[in-house]
Amino acid sequence: MIKSELVQIIADKNPHLYQRDVENIVNAILDEITGALADGNRVELRGFGAFSVKNRPARIGRNPRTGEKVQVEEKWVPFFKTGKELRERLNAD
């Protein structure tokens, strides 16, 4: 599913809302999550999961084409851990 499909599904389930308003709401939610992560905070959506950032320290990597060693810089990467309800729903028999 892509963002525009999510907006369309929510708009279809809520006919009293304009699609552009739903799009603004979805964008606002995603912007707040992104902003919180950029500030180093954790975002938890109960039952769904938690977003956080993890540090990947600098290291020596390898170019897969040439085998040459290359320096890989330190970076921060997003991390998502599923919530209990989501895991149970995905693994329901």
# chains A, B, ... in the order shown; residues from 1 in each chain; ligands from 1
$ residues_around --residues "A:Val77" --least-positions-apart "6" --cutoff "8 Å" --atoms "only C-alpha atoms" --output "PyMOL selection string"
chain A and resi 53-56
$ select_by_dssp --residues "stretch 3-58 of chain A" --states "helix (DSSP H, G or I)" --output "ChimeraX atom specification"
/A:3-13,19-38
$ residues_around --residues "A:Glu32" --least-positions-apart "5" --cutoff "12 Å" --atoms "only C-alpha atoms" --output "mmCIF file with all heavy atoms, in the first residue's frame"
data_model
loop_
_atom_site.group_PDB
_atom_site.id
_atom_site.type_symbol
_atom_site.label_atom_id
_atom_site.label_comp_id
_atom_site.auth_asym_id
_atom_site.auth_seq_id
_atom_site.Cartn_x
_atom_site.Cartn_y
_atom_site.Cartn_z
ATOM 1 N N ILE A 25 -4.360 15.269 6.931
ATOM 2 C CA ILE A 25 -4.258 14.576 8.215
ATOM 3 C C ILE A 25 -3.163 13.510 8.163
ATOM 4 O O ILE A 25 -2.323 13.435 9.061
ATOM 5 C CB ILE A 25 -5.615 13.955 8.612
ATOM 6 C CG1 ILE A 25 -6.622 15.057 8.926
ATOM 7 C CG2 ILE A 25 -5.457 13.000 9.789
ATOM 8 C CD1 ILE A 25 -8.061 14.588 9.019
ATOM 9 N N VAL A 26 -3.167 12.697 7.113
ATOM 10 C CA VAL A 26 -2.150 11.649 6.968
ATOM 11 C C VAL A 26 -0.759 12.285 6.895
ATOM 12 O O VAL A 26 0.173 11.824 7.564
ATOM 13 C CB VAL A 26 -2.429 10.763 5.729
ATOM 14 C CG1 VAL A 26 -1.246 9.855 5.424
ATOM 15 C CG2 VAL A 26 -3.693 9.940 5.937
ATOM 16 N N ASN A 27 -0.617 13.344 6.118
ATOM 17 C CA ASN A 27 0.674 14.028 6.019
ATOM 18 C C ASN A 27 1.110 14.601 7.363
ATOM 19 O O ASN A 27 2.292 14.538 7.719
ATOM 20 C CB ASN A 27 0.636 15.128 4.962
ATOM 21 C CG ASN A 27 0.655 14.586 3.556
ATOM 22 O OD1 ASN A 27 1.164 13.502 3.304
ATOM 23 N ND2 ASN A 27 0.088 15.336 2.632
ATOM 24 N N LEU A 37 11.283 11.412 15.355
ATOM 25 C CA LEU A 37 12.448 10.555 15.125
ATOM 26 C C LEU A 37 13.695 11.389 14.844
ATOM 27 O O LEU A 37 14.790 11.069 15.317
ATOM 28 C CB LEU A 37 12.182 9.581 13.981
ATOM 29 C CG LEU A 37 11.114 8.514 14.250
ATOM 30 C CD1 LEU A 37 10.860 7.699 12.994
ATOM 31 C CD2 LEU A 37 11.504 7.629 15.406
ATOM 32 N N ALA A 38 13.534 12.460 14.077
ATOM 33 C CA ALA A 38 14.670 13.333 13.770
ATOM 34 C C ALA A 38 15.222 13.985 15.033
ATOM 35 O O ALA A 38 16.417 14.259 15.128
ATOM 36 C CB ALA A 38 14.254 14.401 12.763
ATOM 37 N N ASP A 39 14.354 14.199 16.029
ATOM 38 C CA ASP A 39 14.782 14.771 17.307
ATOM 39 C C ASP A 39 15.349 13.706 18.245
ATOM 40 O O ASP A 39 15.721 14.002 19.377
ATOM 41 C CB ASP A 39 13.609 15.470 18.001
ATOM 42 C CG ASP A 39 13.172 16.726 17.268
ATOM 43 O OD1 ASP A 39 13.968 17.249 16.458
ATOM 44 O OD2 ASP A 39 12.035 17.181 17.498
ATOM 45 N N ASN A 41 13.620 11.062 19.381
ATOM 46 C CA ASN A 41 12.575 10.507 20.246
ATOM 47 C C ASN A 41 12.021 9.202 19.690
ATOM 48 O O ASN A 41 12.185 8.892 18.515
ATOM 49 C CB ASN A 41 11.429 11.509 20.410
ATOM 50 C CG ASN A 41 11.884 12.774 21.109
ATOM 51 O OD1 ASN A 41 12.659 12.714 22.045
ATOM 52 N ND2 ASN A 41 11.416 13.903 20.635
ATOM 53 N N ARG A 42 11.335 8.478 20.534
ATOM 54 C CA ARG A 42 10.686 7.224 20.165
ATOM 55 C C ARG A 42 9.193 7.505 19.990
ATOM 56 O O ARG A 42 8.627 8.313 20.726
ATOM 57 C CB ARG A 42 10.906 6.226 21.307
ATOM 58 C CG ARG A 42 10.365 4.868 21.100
ATOM 59 C CD ARG A 42 10.847 3.981 22.274
ATOM 60 N NE ARG A 42 10.402 2.626 22.101
ATOM 61 C CZ ARG A 42 9.306 2.114 22.637
ATOM 62 N NH1 ARG A 42 8.539 2.872 23.396
ATOM 63 N NH2 ARG A 42 8.974 0.874 22.422
ATOM 64 N N VAL A 43 8.562 6.866 19.012
ATOM 65 C CA VAL A 43 7.131 7.046 18.778
ATOM 66 C C VAL A 43 6.469 5.688 18.936
ATOM 67 O O VAL A 43 6.787 4.739 18.227
ATOM 68 C CB VAL A 43 6.858 7.597 17.356
ATOM 69 C CG1 VAL A 43 5.366 7.701 17.102
ATOM 70 C CG2 VAL A 43 7.546 8.933 17.152
ATOM 71 N N PHE A 51 8.371 3.137 16.711
ATOM 72 C CA PHE A 51 9.417 3.619 15.819
ATOM 73 C C PHE A 51 10.518 4.230 16.677
ATOM 74 O O PHE A 51 10.226 4.950 17.639
ATOM 75 C CB PHE A 51 8.882 4.704 14.877
ATOM 76 C CG PHE A 51 7.804 4.245 13.949
ATOM 77 C CD1 PHE A 51 6.465 4.340 14.310
ATOM 78 C CD2 PHE A 51 8.116 3.722 12.711
ATOM 79 C CE1 PHE A 51 5.458 3.928 13.446
ATOM 80 C CE2 PHE A 51 7.121 3.309 11.838
ATOM 81 C CZ PHE A 51 5.793 3.409 12.210
#
$ atom_distance --atom1 "atom CA of A:Ile29" --atom2 "atom CA of A:Gly47"
16.9 Å
$ select_by_dssp --residues "chain A" --states "strand (DSSP E)" --output "MDAnalysis selection string"
chainID A and resid 43:45 49:56 59:62 69:72 75:82
$ atom_distance --atom1 "atom CA of A:Arg46" --atom2 "atom CA of A:Gln19"
26.3 Å
$ residues_around --residues "A:Leu86" --least-positions-apart "6" --cutoff "12 Å" --atoms "only C-alpha atoms" --output "list in words"
Leu45, Arg46, Gly47, Phe48, Gly49, Ala50 and Ala92 of chain A
$ atom_distance --atom1 "atom CA of A:Glu23" --atom2 "atom CA of A:Ile2"
12.3 Å
$ residues_around --residues "A:Ile60" --least-positions-apart "5" --cutoff "9 Å" --atoms "only C-alpha atoms" --output "PDB file with N, CA, C and O atoms, in the first residue's frame"
ATOM      1  N   LYS A  69      38.359  -2.240   0.133  1.00  0.00           N
ATOM      2  CA  LYS A  69      37.861  -1.779   1.429  1.00  0.00           C
ATOM      3  C   LYS A  69      37.488  -0.310   1.326  1.00  0.00           C
ATOM      4  O   LYS A  69      38.197   0.479   0.697  1.00  0.00           O
ATOM      5  N   VAL A  70      36.357   0.044   1.935  1.00  0.00           N
ATOM      6  CA  VAL A  70      35.900   1.435   1.942  1.00  0.00           C
ATOM      7  C   VAL A  70      35.448   1.803   3.351  1.00  0.00           C
ATOM      8  O   VAL A  70      34.962   0.959   4.097  1.00  0.00           O
ATOM      9  N   GLN A  71      35.612   3.080   3.682  1.00  0.00           N
ATOM     10  CA  GLN A  71      35.173   3.568   4.981  1.00  0.00           C
ATOM     11  C   GLN A  71      33.677   3.898   4.902  1.00  0.00           C
ATOM     12  O   GLN A  71      33.254   4.662   4.042  1.00  0.00           O
ATOM     13  N   VAL A  72      32.885   3.310   5.784  1.00  0.00           N
ATOM     14  CA  VAL A  72      31.455   3.599   5.871  1.00  0.00           C
ATOM     15  C   VAL A  72      31.264   4.484   7.089  1.00  0.00           C
ATOM     16  O   VAL A  72      31.649   4.112   8.201  1.00  0.00           O
ATOM     17  N   GLU A  73      30.671   5.654   6.889  1.00  0.00           N
ATOM     18  CA  GLU A  73      30.507   6.613   7.976  1.00  0.00           C
ATOM     19  C   GLU A  73      29.407   6.198   8.937  1.00  0.00           C
ATOM     20  O   GLU A  73      28.523   5.421   8.600  1.00  0.00           O
TER      21      GLU A  73
END
$ closest_residue --among "A:Gly67, A:Gly40, A:Pro15, A:Gly83" --to "A:Ser52" --atoms "only C-alpha atoms"
A:Gly40
